[in-house]
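Next comes input27.txt, a file with compact mmCIF, C-alpha atoms and all ligand atoms.
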# COMPACT_ATOMS: atom_id res chain seq x y z
CA MET A 1 -89.80 25.46 2.53
CA GLU A 2 -86.54 25.65 0.54
CA ARG A 3 -85.23 29.22 0.40
CA VAL A 4 -85.08 30.97 -2.96
CA ILE A 5 -82.44 33.68 -3.38
CA ILE A 6 -81.68 35.94 -6.33
CA HIS A 7 -78.32 37.60 -6.92
CA VAL A 8 -78.11 40.45 -9.42
CA ASP A 9 -74.89 41.89 -10.85
CA MET A 10 -74.98 44.73 -13.37
CA ASP A 11 -73.07 44.20 -16.65
CA TYR A 12 -69.84 46.25 -17.08
CA PHE A 13 -71.55 48.75 -14.81
CA TYR A 14 -69.59 52.04 -15.04
CA ALA A 15 -68.88 51.60 -18.74
CA ALA A 16 -72.51 50.65 -19.45
CA ILE A 17 -73.68 53.86 -17.80
CA GLU A 18 -71.24 55.86 -19.91
CA GLU A 19 -72.51 54.12 -23.06
CA ARG A 20 -76.07 54.90 -22.10
CA GLU A 21 -75.21 58.56 -21.55
CA ASN A 22 -73.41 58.79 -24.89
CA PRO A 23 -74.81 56.38 -27.49
CA SER A 24 -71.99 57.18 -29.93
CA LEU A 25 -69.76 55.06 -27.69
CA LYS A 26 -71.81 51.92 -28.31
CA ASP A 27 -69.56 50.06 -30.73
CA LYS A 28 -66.29 51.45 -29.43
CA ALA A 29 -64.02 50.10 -26.75
CA VAL A 30 -64.83 52.07 -23.58
CA VAL A 31 -62.41 52.10 -20.66
CA VAL A 32 -63.33 53.83 -17.40
CA CYS A 33 -60.19 54.85 -15.54
CA MET A 34 -59.46 55.80 -11.99
CA TYR A 35 -56.79 58.42 -12.48
CA SER A 36 -54.29 59.00 -9.73
CA ASN A 37 -52.72 62.30 -8.85
CA ARG A 38 -50.19 61.62 -11.61
CA GLY A 39 -52.97 62.44 -14.09
CA GLU A 40 -53.67 60.38 -17.16
CA GLU A 41 -50.34 58.62 -17.06
CA GLY A 42 -51.00 56.89 -13.74
CA GLY A 43 -54.20 55.27 -12.68
CA ALA A 44 -55.83 51.90 -13.09
CA VAL A 45 -58.72 50.57 -15.13
CA SER A 46 -61.92 50.62 -13.13
CA THR A 47 -63.88 48.68 -15.71
CA SER A 48 -64.33 48.42 -19.46
CA ASN A 49 -67.04 47.36 -21.86
CA TYR A 50 -66.99 44.01 -23.67
CA VAL A 51 -65.41 45.42 -26.84
CA ALA A 52 -62.44 46.53 -24.74
CA ARG A 53 -62.36 43.22 -22.86
CA LYS A 54 -61.97 41.41 -26.19
CA ALA A 55 -58.71 43.31 -26.60
CA GLY A 56 -57.55 41.92 -23.23
CA ILE A 57 -58.31 44.98 -21.10
CA ARG A 58 -59.15 44.09 -17.49
CA SER A 59 -60.13 45.86 -14.26
CA ALA A 60 -57.17 47.00 -12.13
CA MET A 61 -54.80 46.97 -15.12
CA PRO A 62 -52.71 50.16 -15.45
CA CYS A 63 -54.45 52.57 -17.85
CA ARG A 64 -51.22 52.92 -19.76
CA GLN A 65 -51.21 49.19 -20.48
CA ALA A 66 -54.84 49.38 -21.61
CA LYS A 67 -53.91 52.15 -24.00
CA ALA A 68 -51.12 50.03 -25.42
CA LEU A 69 -53.53 47.14 -26.00
CA LYS A 70 -56.11 49.28 -27.77
CA SER A 71 -55.04 52.75 -28.79
CA ASP A 72 -58.41 53.66 -30.32
CA ALA A 73 -60.32 52.92 -27.11
CA VAL A 74 -62.21 55.77 -25.47
CA PHE A 75 -60.81 56.53 -22.00
CA LEU A 76 -63.15 58.17 -19.52
CA PRO A 77 -62.61 59.20 -15.90
CA VAL A 78 -64.66 57.58 -13.12
CA ARG A 79 -67.75 59.58 -12.13
CA LYS A 80 -68.43 57.79 -8.86
CA GLN A 81 -71.11 60.13 -7.52
CA PHE A 82 -73.14 59.77 -10.69
CA TYR A 83 -72.85 55.96 -10.69
CA GLU A 84 -73.93 55.92 -7.04
CA GLU A 85 -77.14 57.70 -7.99
CA VAL A 86 -77.87 55.15 -10.72
CA SER A 87 -77.03 52.37 -8.26
CA ALA A 88 -79.46 53.72 -5.68
CA ARG A 89 -82.34 53.66 -8.19
CA ILE A 90 -81.47 50.10 -9.27
CA MET A 91 -81.35 49.02 -5.63
CA ASP A 92 -84.86 50.43 -5.19
CA ILE A 93 -86.09 48.34 -8.13
CA LEU A 94 -84.45 45.21 -6.69
CA HIS A 95 -85.76 45.93 -3.23
CA SER A 96 -89.29 46.09 -4.60
CA HIS A 97 -89.08 42.44 -5.69
CA ALA A 98 -87.85 41.09 -2.34
CA ASP A 99 -90.17 39.28 0.09
CA ASN A 100 -90.11 42.22 2.48
CA GLU A 101 -88.14 45.21 3.67
CA GLU A 102 -85.51 43.06 5.41
CA SER A 103 -84.92 40.45 2.70
CA PHE A 104 -82.54 42.60 0.73
CA GLU A 105 -78.76 42.94 0.88
CA ARG A 106 -76.68 45.30 -1.24
CA ILE A 107 -73.14 43.97 -1.45
CA SER A 108 -71.53 46.48 -3.77
CA ILE A 109 -72.36 49.37 -6.05
CA ASP A 110 -73.72 47.00 -8.71
CA GLU A 111 -74.73 43.88 -6.79
CA ALA A 112 -77.40 42.74 -4.38
CA PHE A 113 -79.14 39.68 -2.98
CA LEU A 114 -82.86 39.43 -2.53
CA GLU A 115 -84.84 36.67 -0.95
CA ILE A 116 -88.03 35.75 -2.82
CA THR A 117 -89.00 32.54 -1.01
CA GLN A 118 -92.46 33.84 -0.14
CA ASN A 119 -93.05 35.74 -3.37
CA CYS A 120 -92.52 32.58 -5.43
CA GLY A 121 -93.92 30.19 -2.83
CA GLY A 122 -90.68 28.20 -3.00
CA ASP A 123 -91.38 27.39 -6.65
CA PHE A 124 -88.31 27.73 -8.88
CA GLU A 125 -90.40 28.19 -12.04
CA LYS A 126 -92.08 31.22 -10.48
CA ALA A 127 -88.66 32.37 -9.30
CA LYS A 128 -87.51 32.44 -12.90
CA ASP A 129 -90.45 34.71 -13.80
CA ILE A 130 -89.46 37.07 -11.00
CA GLY A 131 -85.86 37.03 -12.23
CA MET A 132 -87.03 37.96 -15.73
CA GLN A 133 -89.24 40.68 -14.32
CA VAL A 134 -86.24 42.13 -12.44
CA LYS A 135 -84.23 42.25 -15.68
CA HIS A 136 -87.14 43.79 -17.53
CA ASP A 137 -87.68 46.52 -14.92
CA ILE A 138 -84.02 47.52 -14.84
CA LEU A 139 -83.80 47.58 -18.63
CA GLU A 140 -86.97 49.60 -18.96
CA GLN A 141 -86.28 52.10 -16.20
CA GLU A 142 -82.51 52.45 -16.46
CA LYS A 143 -81.67 51.14 -19.95
CA LEU A 144 -79.07 48.82 -18.47
CA THR A 145 -78.63 45.05 -18.53
CA CYS A 146 -77.74 42.79 -15.65
CA SER A 147 -77.03 39.14 -14.97
CA VAL A 148 -79.22 37.22 -12.59
CA GLY A 149 -78.52 34.08 -10.60
CA ILE A 150 -81.19 32.14 -8.74
CA GLY A 151 -80.51 29.41 -6.21
CA PRO A 152 -81.36 27.92 -2.83
CA ASN A 153 -78.82 30.12 -1.01
CA LYS A 154 -76.60 33.16 -1.46
CA LEU A 155 -73.51 31.23 -2.46
CA ILE A 156 -75.25 29.40 -5.30
CA ALA A 157 -77.15 32.52 -6.44
CA LYS A 158 -73.92 34.52 -6.55
CA MET A 159 -72.07 31.86 -8.53
CA ALA A 160 -75.04 31.41 -10.86
CA SER A 161 -75.19 35.11 -11.75
CA SER A 162 -71.63 35.04 -13.05
CA PHE A 163 -72.21 31.81 -14.99
CA LYS A 164 -73.66 33.64 -17.99
CA LYS A 165 -72.67 37.26 -18.56
CA PRO A 166 -73.72 39.70 -19.94
CA ASP A 167 -77.52 39.74 -19.83
CA GLY A 168 -77.77 36.23 -18.39
CA LEU A 169 -80.24 34.44 -16.19
CA THR A 170 -79.07 31.21 -14.58
CA LEU A 171 -81.29 29.16 -12.35
CA ILE A 172 -79.84 26.40 -10.20
CA ASP A 173 -82.56 24.17 -8.85
CA PRO A 174 -81.63 22.59 -5.46
CA LYS A 175 -81.36 19.17 -7.08
CA ASP A 176 -78.80 20.48 -9.60
CA VAL A 177 -76.49 22.18 -7.09
CA THR A 178 -73.97 19.34 -6.94
CA ALA A 179 -73.83 18.94 -10.71
CA PHE A 180 -73.35 22.69 -11.09
CA LEU A 181 -70.53 22.99 -8.54
CA SER A 182 -68.59 19.73 -8.88
CA PRO A 183 -66.76 20.28 -12.18
CA LEU A 184 -65.79 23.91 -11.49
CA PRO A 185 -62.18 24.68 -10.54
CA VAL A 186 -61.81 25.60 -6.84
CA LYS A 187 -60.96 29.21 -7.62
CA LYS A 188 -64.53 29.65 -8.86
CA LEU A 189 -65.91 29.01 -5.38
CA TRP A 190 -67.04 32.40 -4.11
CA GLY A 191 -64.74 33.35 -1.26
CA ILE A 192 -61.62 31.54 -2.44
CA GLY A 193 -58.70 33.83 -3.22
CA LYS A 194 -55.30 33.16 -4.75
CA VAL A 195 -53.66 32.02 -1.50
CA THR A 196 -56.35 29.48 -0.67
CA GLU A 197 -56.45 28.29 -4.28
CA GLU A 198 -52.71 27.62 -4.26
CA LYS A 199 -52.88 25.74 -0.96
CA LEU A 200 -55.73 23.59 -2.27
CA LEU A 201 -53.89 22.84 -5.50
CA GLN A 202 -50.84 21.78 -3.48
CA MET A 203 -53.12 19.38 -1.62
CA GLY A 204 -54.20 17.95 -4.97
CA ILE A 205 -57.66 19.52 -4.81
CA GLU A 206 -58.51 21.00 -8.18
CA THR A 207 -62.29 20.97 -8.49
CA ILE A 208 -65.05 22.02 -6.13
CA GLY A 209 -66.30 18.42 -6.24
CA GLN A 210 -62.93 17.16 -4.97
CA LEU A 211 -63.03 19.77 -2.20
CA ALA A 212 -66.53 18.65 -1.18
CA ASP A 213 -65.30 15.05 -0.92
CA PHE A 214 -62.14 15.95 0.98
CA ASP A 215 -61.72 14.91 4.60
CA ALA A 216 -63.18 17.67 6.78
CA LEU A 217 -60.75 17.21 9.66
CA GLU A 218 -57.81 17.47 7.30
CA LEU A 219 -59.19 20.74 5.90
CA ILE A 220 -59.60 22.04 9.44
CA SER A 221 -56.04 21.06 10.31
CA VAL A 222 -54.74 23.07 7.35
CA PHE A 223 -57.12 26.05 7.33
CA GLY A 224 -58.32 26.31 10.93
CA LYS A 225 -61.77 25.56 12.28
CA ASN A 226 -63.82 28.43 10.79
CA ARG A 227 -62.25 28.45 7.38
CA GLY A 228 -61.88 24.66 7.08
CA THR A 229 -65.53 24.19 8.00
CA TRP A 230 -66.60 26.87 5.59
CA LEU A 231 -64.61 25.32 2.72
CA LYS A 232 -66.21 21.92 3.22
CA LYS A 233 -69.72 23.35 3.49
CA ALA A 234 -69.43 25.80 0.62
CA ALA A 235 -68.00 23.17 -1.73
CA SER A 236 -71.00 21.02 -0.84
CA GLY A 237 -73.29 23.90 -1.83
CA ILE A 238 -74.33 24.62 1.73
CA ASP A 239 -74.68 28.23 2.83
CA GLU A 240 -76.98 29.12 5.68
CA SER A 241 -76.12 32.81 5.80
CA PRO A 242 -79.25 34.96 5.78
CA VAL A 243 -80.03 37.79 3.39
CA THR A 244 -79.78 40.78 5.68
CA GLU A 245 -79.37 44.48 5.37
CA ARG A 246 -75.77 45.36 6.12
CA THR A 247 -75.55 47.75 8.99
CA VAL A 248 -72.36 49.33 10.16
CA THR A 249 -71.86 47.93 13.60
CA ASP A 250 -68.82 48.01 15.74
CA GLN A 251 -65.32 48.25 14.35
CA ILE A 252 -61.83 47.36 15.54
CA GLY A 253 -58.90 49.20 14.06
CA ARG A 254 -55.31 50.28 14.50
CA MET A 255 -53.35 53.08 12.85
CA ALA A 256 -49.69 53.98 13.04
CA SER A 257 -47.10 56.24 11.44
CA LEU A 258 -44.27 54.85 9.36
CA LYS A 259 -40.79 55.61 10.66
CA GLU A 260 -40.43 58.04 7.80
CA ASP A 261 -42.59 59.00 4.79
CA THR A 262 -41.97 56.23 2.28
CA ARG A 263 -43.20 54.07 -0.60
CA ASP A 264 -40.90 51.21 0.32
CA ASP A 265 -42.86 47.89 0.23
CA ASP A 266 -40.87 46.30 3.03
CA MET A 267 -41.42 49.16 5.44
CA ILE A 268 -45.09 49.49 4.60
CA PHE A 269 -45.85 45.78 4.74
CA SER A 270 -43.93 45.16 7.93
CA LEU A 271 -45.88 47.91 9.71
CA MET A 272 -49.09 46.57 8.16
CA ARG A 273 -48.29 43.13 9.57
CA GLU A 274 -47.95 44.62 13.06
CA LEU A 275 -51.31 46.36 12.69
CA VAL A 276 -52.94 43.15 11.44
CA ASP A 277 -51.49 41.25 14.43
CA ASP A 278 -52.91 43.83 16.84
CA VAL A 279 -56.33 43.84 15.22
CA ILE A 280 -56.48 40.03 15.27
CA LYS A 281 -55.44 40.02 18.92
CA LYS A 282 -58.29 42.38 19.76
CA THR A 283 -60.87 40.37 17.78
CA GLY A 284 -59.62 37.30 19.67
CA GLU A 285 -60.05 39.02 23.03
CA ARG A 286 -63.58 40.04 22.15
CA LYS A 287 -64.32 36.65 20.54
CA VAL A 288 -65.67 38.21 17.34
CA SER A 289 -65.32 37.50 13.63
CA PHE A 290 -65.45 40.19 10.99
CA ARG A 291 -66.85 40.55 7.50
CA SER A 292 -65.37 43.82 6.30
CA VAL A 293 -61.81 45.03 6.04
CA THR A 294 -60.79 48.65 5.57
CA VAL A 295 -57.33 49.96 4.83
CA THR A 296 -56.48 53.63 5.27
CA VAL A 297 -53.49 55.52 3.93
CA ILE A 298 -52.50 59.03 4.88
CA PHE A 299 -50.07 60.43 2.34
CA SER A 300 -47.19 62.81 3.00
CA ASN A 301 -49.48 65.73 2.08
CA PHE A 302 -51.93 64.54 4.77
CA ARG A 303 -54.52 63.48 2.22
CA MET A 304 -56.39 60.49 3.58
CA THR A 305 -57.95 57.72 1.47
CA THR A 306 -59.60 54.43 2.35
CA LYS A 307 -60.53 51.21 0.63
CA SER A 308 -62.90 48.57 1.94
CA ARG A 309 -63.74 44.98 1.12
CA THR A 310 -66.64 42.91 2.32
CA LEU A 311 -65.96 39.20 2.69
CA ASN A 312 -68.70 36.74 1.87
CA HIS A 313 -68.62 35.20 5.33
CA ALA A 314 -67.35 36.22 8.73
CA VAL A 315 -63.82 35.14 9.57
CA SER A 316 -61.37 35.71 12.40
CA ASP A 317 -58.44 34.47 10.39
CA LYS A 318 -55.17 36.39 10.40
CA GLY A 319 -54.14 35.05 7.00
CA ILE A 320 -57.29 36.31 5.34
CA LEU A 321 -57.05 39.72 7.00
CA HIS A 322 -53.45 39.98 5.92
CA GLU A 323 -54.16 38.88 2.35
CA THR A 324 -57.12 41.26 1.98
CA ALA A 325 -55.30 44.23 3.49
CA ARG A 326 -52.23 43.52 1.41
CA GLU A 327 -54.24 43.50 -1.82
CA MET A 328 -55.73 46.90 -1.03
CA MET A 329 -52.36 48.28 0.03
CA LEU A 330 -50.84 47.15 -3.27
CA GLN A 331 -53.66 48.95 -5.06
CA PHE A 332 -52.85 52.11 -3.10
CA LEU A 333 -49.20 51.80 -4.08
CA HIS A 334 -50.22 51.32 -7.66
CA GLU A 335 -52.65 54.22 -7.84
CA SER A 336 -50.48 56.79 -6.10
CA THR A 337 -47.05 58.32 -6.48
CA MET A 338 -46.81 60.07 -3.15
CA ASN A 339 -45.04 58.78 -0.04
CA PHE A 340 -47.12 57.14 2.68
CA ARG A 341 -47.11 58.80 6.10
CA ARG A 342 -49.55 56.73 8.15
CA ILE A 343 -51.45 53.53 7.49
CA GLY A 344 -54.40 51.89 9.19
CA VAL A 345 -56.17 48.52 9.19
CA ARG A 346 -59.73 48.17 10.45
CA VAL A 347 -62.27 45.36 10.55
CA GLY A 348 -66.02 45.77 10.82
CA ASN A 349 -69.37 43.98 10.54
CA LEU A 350 -68.44 42.12 13.68
CA GLN A 351 -70.17 38.94 14.78
CA GLN A 352 -69.89 37.15 18.08
CA ASN A 353 -68.09 33.81 17.72
CA THR A 354 -70.55 31.82 19.82
CA GLY A 355 -73.41 29.74 18.48
CA GLN A 356 -71.79 28.83 15.18
CA LYS A 357 -72.94 25.59 13.68
CA SER A 358 -70.14 23.08 13.73
CA LEU A 359 -69.24 20.97 10.74
CA PHE A 360 -70.55 17.88 12.43
CA GLU A 361 -74.09 19.14 12.58
CA PHE A 362 -74.43 19.03 8.83
CA MET A 363 -72.48 15.87 8.08
N1 LIG A 401 -64.77 48.38 -10.08
C1 LIG A 401 -63.63 49.13 -9.86
N2 LIG A 401 -62.40 48.50 -9.71
C2 LIG A 401 -62.31 47.14 -9.79
C3 LIG A 401 -63.47 46.37 -10.01
C4 LIG A 401 -64.69 47.03 -10.16
O1 LIG A 401 -63.69 50.35 -9.78
N3 LIG A 401 -61.13 46.54 -9.65
C5 LIG A 401 -66.06 49.09 -10.29
C6 LIG A 401 -66.33 49.29 -11.75
C7 LIG A 401 -67.36 48.27 -12.11
C8 LIG A 401 -68.13 48.12 -10.81
O2 LIG A 401 -67.17 48.34 -9.78
O3 LIG A 401 -68.19 48.71 -13.17
C9 LIG A 401 -68.77 46.77 -10.64
O4 LIG A 401 -67.78 45.74 -10.63
P1 LIG A 401 -67.99 44.34 -11.30
O5 LIG A 401 -66.94 43.45 -10.77
O6 LIG A 401 -69.40 43.89 -11.15
O7 LIG A 401 -67.63 44.58 -12.85
P2 LIG A 401 -68.50 45.17 -14.02
O8 LIG A 401 -69.92 45.41 -13.60
O9 LIG A 401 -67.80 46.35 -14.59
O10 LIG A 401 -68.41 44.04 -15.12
P3 LIG A 401 -69.20 42.61 -15.16
O11 LIG A 401 -70.09 42.69 -16.35
O12 LIG A 401 -68.12 41.60 -15.33
O13 LIG A 401 -69.95 42.49 -13.86
MG MG A 402 -70.98 43.93 -12.58
MG MG A 403 -70.26 43.46 -9.25
Let me see the file written as structure tokens.
Ligand code: DCP
Ligand code: MG
Ligand code: MG
Amino acid sequence: MERVIIHVDMDYFYAAIEERENPSLKDKAVVVCMYSNRGEEGGAVSTSNYVARKAGIRSAMPCRQAKALKSDAVFLPVRKQFYEEVSARIMDILHSHADNEESFERISIDEAFLEITQNCGGDFEKAKDIGMQVKHDILEQEKLTCSVGIGPNKLIAKMASSFKKPDGLTLIDPKDVTAFLSPLPVKKLWGIGKVTEEKLLQMGIETIGQLADFDALELISVFGKNRGTWLKKAASGIDESPVTERTVTDQIGRMASLKEDTRDDDMIFSLMRELVDDVIKKTGERKVSFRSVTVTVIFSNFRMTTKSRTLNHAVSDKGILHETAREMMLQFLHESTMNFRRIGVRVGNLQQNTGQKSLFEFM
């Protein structure tokens, strides 16, 4: 039976919760800010509601810039603990619609996959009813809207849920997968970042359809075996990854002190590169790939903070580790004013490299 997977992503999650808590905010621009230790002057936008987005306000933008774009917007500080509690209740609702205890995967505070193959008997019409029921339950119990994507695998479900936002429901029947993916620009393929996008554009590959038709061996020669294979498969709408509860397994990490406390990019990034090299060497020795990346910074006052990212598939690629760690490190630099004392890079969600399906098995 064809698998049926639902992906749910809450709409403007933190800002929606704030609107719900204070209905007078409803028609105003609401910007939720992560303030740094510089107070209201520093800090970046965590998220904003759709009124604010119309004014050009985006996540990760400096709060000061957001204020310049829309001076009458309401700025609120992040209340992470509170949002986590709302998230946990939503996850319970989602979990209750999954085939069973194990067919559920939370991927962030406002997103999860659930497999409903058995519940809908593989029937996409029934799957749509379940998707509508999910939306109904969340709206009724939490007064929040979400966007739902339904497809034959996680990749398609994830891309479908972002197709219509807010309050959307997009169903991609297996026979429509190619038509759905082909015209989209490559950057829309879940898992493609800026670096990969630029490389693909240089190769003359602009749409997902062109990527799917591209010579597999040539992709492998440019991107390496794992990544090249993944690109070809994903662009073809193929994703065999199971919906599984994420459990913290083993981790591989390295930490080191900077020569002196500093905020100098060159010093920080050159040490980070050494750490990335070491971590990749160790993953190579143990023949494992990783799905999560964590960056740690210890500031000159010994305060320690971490950021983590989960990738949508396991990789063992140095370029991706470097790119992901660099993005988080830039965020740290942006959100803080203090000198860095120590930095760390860690990978987790490890998977053994053996037994992977090769590209040739699906061609
Ligand atoms: N978040 C954050 N910093 C970012 C991105 C997101 O703190 N750079 C937080 C705030 C978001 C929440 O995570 O509310 C969920 O992220 P999403 O990417 O799903 O964004 P939203 O739910 O806010 O908006 P959308 O309606 O586009 O999903
Ligand atoms: Mg969201
Ligand atoms: Mg999200």
Near Cys146 of chain A, within 6 Å and counting all atoms listed in the file, which residues show up once chain neighbours fewer than 3 positions away are dropped, as a list in words? Asp9, Met10, Asp11 and Asp167 of chain A
Do you have, as a Markdown table, the list of residues of chain A lying at most 12 Å from ligand MG 403 (chain A), each with its nearest atom pair and that distance in Å to one decimal, counting all atoms listed in the file and ordered by chain then number?
| residue | atom | partner | partner_atom | distance |
| --- | --- | --- | --- | --- |
| A:His7 | CA | A:MG403 | MG | 10.2 |
| A:Val8 | CA | A:MG403 | MG | 8.4 |
| A:Asp9 | CA | A:MG403 | MG | 5.1 |
| A:Met10 | CA | A:MG403 | MG | 6.4 |
| A:Asp11 | CA | A:MG403 | MG | 8.0 |
| A:Tyr12 | CA | A:MG403 | MG | 8.3 |
| A:Phe13 | CA | A:MG403 | MG | 7.8 |
| A:Tyr14 | CA | A:MG403 | MG | 10.4 |
| A:Ser46 | CA | A:MG403 | MG | 11.7 |
| A:Thr47 | CA | A:MG403 | MG | 10.5 |
| A:Ser59 | CA | A:MG403 | MG | 11.6 |
| A:Ser87 | CA | A:MG403 | MG | 11.2 |
| A:Arg106 | CA | A:MG403 | MG | 10.4 |
| A:Ile107 | CA | A:MG403 | MG | 8.3 |
| A:Ser108 | CA | A:MG403 | MG | 6.4 |
| A:Ile109 | CA | A:MG403 | MG | 7.0 |
| A:Asp110 | CA | A:MG403 | MG | 5.0 |
| A:Glu111 | CA | A:MG403 | MG | 5.1 |
| A:Ala112 | CA | A:MG403 | MG | 8.7 |
| A:Phe113 | CA | A:MG403 | MG | 11.5 |
| A:Cys146 | CA | A:MG403 | MG | 9.9 |
| A:Ser147 | CA | A:MG403 | MG | 9.9 |
| A:Val148 | CA | A:MG403 | MG | 11.4 |
| A:Lys158 | CA | A:MG403 | MG | 10.0 |
| A:Met159 | CA | A:MG403 | MG | 11.8 |
| A:Ser161 | CA | A:MG403 | MG | 10.0 |
| A:Ser162 | CA | A:MG403 | MG | 9.3 |
| A:Lys165 | CA | A:MG403 | MG | 11.4 |
| A:Pro166 | CA | A:MG403 | MG | 11.8 |
Same residues, C-alpha atoms, output as a short mmCIF file (atom, residue, chain, number, x, y, z; two decimals), in the frame of the given file:
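Wrote result.cif, looks like this:
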data_model
loop_
_atom_site.label_atom_id
_atom_site.label_comp_id
_atom_site.auth_asym_id
_atom_site.auth_seq_id
_atom_site.Cartn_x
_atom_site.Cartn_y
_atom_site.Cartn_z
CA HIS A 7 -78.32 37.60 -6.92
CA VAL A 8 -78.11 40.45 -9.42
CA ASP A 9 -74.89 41.89 -10.85
CA MET A 10 -74.98 44.73 -13.37
CA ASP A 11 -73.07 44.20 -16.65
CA TYR A 12 -69.84 46.25 -17.08
CA PHE A 13 -71.55 48.75 -14.81
CA TYR A 14 -69.59 52.04 -15.04
CA SER A 46 -61.92 50.62 -13.13
CA THR A 47 -63.88 48.68 -15.71
CA SER A 59 -60.13 45.86 -14.26
CA SER A 87 -77.03 52.37 -8.26
CA ARG A 106 -76.68 45.30 -1.24
CA ILE A 107 -73.14 43.97 -1.45
CA SER A 108 -71.53 46.48 -3.77
CA ILE A 109 -72.36 49.37 -6.05
CA ASP A 110 -73.72 47.00 -8.71
CA GLU A 111 -74.73 43.88 -6.79
CA ALA A 112 -77.40 42.74 -4.38
CA PHE A 113 -79.14 39.68 -2.98
CA CYS A 146 -77.74 42.79 -15.65
CA SER A 147 -77.03 39.14 -14.97
CA VAL A 148 -79.22 37.22 -12.59
CA LYS A 158 -73.92 34.52 -6.55
CA MET A 159 -72.07 31.86 -8.53
CA SER A 161 -75.19 35.11 -11.75
CA SER A 162 -71.63 35.04 -13.05
CA LYS A 165 -72.67 37.26 -18.56
CA PRO A 166 -73.72 39.70 -19.94
#
Contacts of Ser270 of chain A at 12 Å (only C-alpha atoms; same-chain gap of 3+ positions) as a PyMOL selection string: chain A and resi 256+258-259+264-267+273-277+322+326+329+343
Take the residues that were just selected and, keeping C-alpha atoms, output them as a JSON list (two decimals), in the coordinates of the input.
[["chain", "number", "residue", "atom", "x", "y", "z"],
["A", 256, "ALA", "CA", -49.69, 53.98, 13.04],
["A", 258, "LEU", "CA", -44.27, 54.85, 9.36],
["A", 259, "LYS", "CA", -40.79, 55.61, 10.66],
["A", 264, "ASP", "CA", -40.90, 51.21, 0.32],
["A", 265, "ASP", "CA", -42.86, 47.89, 0.23],
["A", 266, "ASP", "CA", -40.87, 46.30, 3.03],
["A", 267, "MET", "CA", -41.42, 49.16, 5.44],
["A", 273, "ARG", "CA", -48.29, 43.13, 9.57],
["A", 274, "GLU", "CA", -47.95, 44.62, 13.06],
["A", 275, "LEU", "CA", -51.31, 46.36, 12.69],
["A", 276, "VAL", "CA", -52.94, 43.15, 11.44],
["A", 277, "ASP", "CA", -51.49, 41.25, 14.43],
["A", 322, "HIS", "CA", -53.45, 39.98, 5.92],
["A", 326, "ARG", "CA", -52.23, 43.52, 1.41],
["A", 329, "MET", "CA", -52.36, 48.28, 0.03],
["A", 343, "ILE", "CA", -51.45, 53.53, 7.49]]
Near-Lys135 of chain A list (7 Å; all atoms listed in the file; drop same-chain fewer than 3 positions) as a ChimeraX atom specification: /A:131-132,138-139,145-146
Using all atoms listed in the file, determine which residues lie at most 8 Å from Lys232 of chain A, disregarding the query and same-chain residues fewer than 3 positions distant; provide the list as a VMD selection string. chain A and resid 211 to 212 214 216 219 228 to 229 235 to 236
Show me the residues close to (-55.1, 51.4, -12.9) - anything with an atom within 6 Å, counting all atoms listed in the file - and format the list as JSON, numbers by chain. {"A": [43, 44, 45, 60, 61, 62, 63]}
Distance criterion (only C-alpha atoms): nearest to Glu240 of chain A out of A:Arg309, A:Lys318, A:Arg3, A:His95: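 Using only C-alpha atoms, Glu240 of chain A sits closest to A:Arg3.
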Report the distance between atom CA of Gln65 of chain A and atom CA of Gly193 of chain A in Å, rounded to one decimal place. 24.3 Å
Could you check the closest approach to ligand LIG 401 (chain A) for each of A:Leu330, A:Ala16, A:Ile205, A:Ala179 and tell me which residue wins, using only C-alpha atoms and all ligand atoms?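 Between A:Leu330, A:Ala16, A:Ile205, A:Ala179, the residue approaching ligand LIG 401 (chain A) most closely is A:Ala16.
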Record the distance separating atom CA of Glu260 of chain A and atom CA of Gly348 of chain A, expressed in Å with one decimal.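 These two atoms are separated by 28.5 Å.
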Restricting the calculation to only C-alpha atoms, which member of A:Ile90, A:Val279, A:Ala73, A:Ile192 is positioned closest to Val51 of chain A? A:Ala73
Between A:Asp261, A:Thr294, A:Ala68, A:Glu245, smallest distance to Glu101 of chain A by all atoms listed in the file belongs to A:Glu245
Which residue, A:Gln331, A:Asn349, A:Thr296, A:Asn226, has the smallest gap to ligand LIG 401 (chain A) when you use all atoms listed in the file?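 Checking each of A:Gln331, A:Asn349, A:Thr296, A:Asn226 against ligand LIG 401 (chain A), counting all atoms listed in the file, the winner is A:Gln331.
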Could you check how far atom CA of Ser308 of chain A sits from atom C3 of ligand LIG 401 (chain A), in Å to one decimal?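 These atoms are spaced 12.2 Å apart.
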Proximity to Gly42 of chain A - best of A:Gln81, A:Thr337, A:Thr170, A:Gln351, all atoms listed in the file: A:Thr337
Need the shell around Cys120 of chain A: protein/DNA/RNA residues with any atom at most 12 Å away, counting all atoms listed in the file. Skip same-chain ones fewer than 6 positions apart. Format as JSON, numbers by chain? {"A": [1, 2, 3, 4, 5, 6, 97, 98, 99, 126, 127, 128, 129, 130, 131, 150]}
